[in-house]
Amino acid sequence: MIYEKVTQFVLKLIKLTKSGELQWTSAVPTNRTLVDDGFIADKLYDSTISGKYLRVYRYRTKDYEDDYNFIWIERVSLQLIDIAGNTEFEYKYEHSFNDLYAAIREQVSGADQFIDEILAIPID
C-alpha cells in the first residue's frame with residue numbers, strides 16, 4: 001500500500017473527526033494482551049465510515065536492542081474490523097496515527113465542550 005495514500009487517508013479521518021462528521025465510541029478492552037508481549041494501553045475507539053468498521057487503540061510493545069535488552073515503546077494501531085470486532089486488516093504504523101488518536105480522544109471525552117461550559121459560567 002502506498003505510504004502517501006495512507007497518510008492522506010489518516011489526515012482525512014482527522015478532519016472528519018474534528019468536524020464531528022465522523023463519530024467514535026469508546027470501550028474498555030476485555031483482553032489487553034497482544035502477541036509478542038505487547039498490551040493495549042488504553043480504551044478502544046470504534047467508528048463506521050463508508051460501510052467499514054474502524055478501530056483505533058494505543059498499545060505498548062517491546063523494542064529489542066539485542067537478544068536480551070529491550071525498551072517499551074508506545075504506538076497506535078489503526079485497523080479495519082468486522083462487525084464482531086475481529087481484525088480484518090491492520091494498517092502499517094505511521095506517526096500520523098498519534099494525531100488521529102488525539103483527535104478521537106478529544107472528541108469522545110467532550111473536553112472542548114467541558115471547557116466551553118466552564119468558561120460560560122458567570123463570575124460575580
# chains A, B, ... in the order shown; residues from 1 in each chain; ligands from 1
>>> select_by_dssp(residues="chain A", states="helix (DSSP H, G or I)", output="number ranges by chain")
A: 3-19, 35-37, 96-109, 111-119
>>> residues_around(residues="Arg75 of chain A", least_positions_apart="3", cutoff="7 Å", atoms="only C-alpha atoms", output="PyMOL selection string")
chain A and resi 58-60
>>> atom_distance(atom1="atom CA of Gln107 of chain A", atom2="atom CA of Thr7 of chain A")
20.7 Å
>>> residues_around(residues="Gln79 of chain A", least_positions_apart="2", cutoff="12 Å", atoms="only C-alpha atoms", output="JSON list (two decimals) with C-alpha atoms, in the first residue's frame")
[["chain", "number", "residue", "atom", "x", "y", "z"],
["A", 10, "VAL", "CA", -5.46, 9.37, 8.06],
["A", 44, "LEU", "CA", -10.53, 1.02, 22.13],
["A", 45, "TYR", "CA", -12.19, 3.54, 19.81],
["A", 46, "ASP", "CA", -14.54, 2.34, 17.06],
["A", 47, "SER", "CA", -16.30, 4.10, 14.21],
["A", 48, "THR", "CA", -18.05, 3.33, 10.95],
["A", 52, "LYS", "CA", -16.48, -0.21, 7.03],
["A", 53, "TYR", "CA", -15.72, -0.54, 10.72],
["A", 54, "LEU", "CA", -12.58, 1.14, 12.07],
["A", 55, "ARG", "CA", -10.80, 0.58, 15.35],
["A", 56, "VAL", "CA", -8.02, 2.69, 16.88],
["A", 57, "TYR", "CA", -6.13, 1.98, 20.09],
["A", 58, "ARG", "CA", -2.84, 2.77, 21.79],
["A", 76, "VAL", "CA", -1.22, 3.49, 17.87],
["A", 77, "SER", "CA", -2.96, 0.82, 15.83],
["A", 81, "ILE", "CA", -12.58, -4.78, 11.79],
["A", 82, "ASP", "CA", -15.66, -6.89, 11.17],
["A", 85, "GLY", "CA", -14.67, -6.69, 16.36],
["A", 86, "ASN", "CA", -12.24, -9.13, 14.74],
["A", 87, "THR", "CA", -9.33, -7.57, 12.84],
["A", 88, "GLU", "CA", -9.64, -7.82, 9.07],
["A", 89, "PHE", "CA", -6.69, -5.56, 8.25],
["A", 90, "GLU", "CA", -4.15, -3.55, 10.24],
["A", 91, "TYR", "CA", -2.53, -0.54, 8.62],
["A", 92, "LYS", "CA", 1.24, -0.27, 8.96],
["A", 93, "TYR", "CA", 2.09, 2.18, 11.74],
["A", 97, "PHE", "CA", -1.88, 7.71, 13.81]]
>>> closest_atom_pairs(of="segment 64-109 of chain A", to="segment 15-39 of chain A", cutoff="12 Å", atoms="only C-alpha atoms", output="tab-separated table")
residue	atom	partner	partner_atom	distance
A:Tyr64	CA	A:Asp36	CA	11.1
A:Phe70	CA	A:Asp37	CA	11.6
A:Ile71	CA	A:Gly38	CA	11.6
A:Trp72	CA	A:Gly38	CA	8.9
A:Ile73	CA	A:Gly38	CA	9.5
A:Glu74	CA	A:Gly38	CA	9.6
A:Arg75	CA	A:Gly38	CA	10.4
A:Val76	CA	A:Phe39	CA	11.4
A:Ser77	CA	A:Phe39	CA	11.6
A:Gly85	CA	A:Pro29	CA	10.8
A:Asp99	CA	A:Lys15	CA	10.6
A:Leu100	CA	A:Thr17	CA	8.2
A:Tyr101	CA	A:Thr17	CA	10.1
A:Ala102	CA	A:Lys18	CA	10.2
A:Ala103	CA	A:Lys18	CA	6.4
A:Ile104	CA	A:Thr17	CA	6.6
A:Arg105	CA	A:Ser26	CA	8.8
A:Glu106	CA	A:Lys18	CA	8.7
A:Gln107	CA	A:Lys18	CA	7.2
A:Val108	CA	A:Trp24	CA	6.5
A:Ser109	CA	A:Ser26	CA	9.3
>>> select_by_dssp(residues="segment 46-86 of chain A", states="strand (DSSP E)", output="PyMOL selection string")
chain A and resi 46-49+52-64+70-81
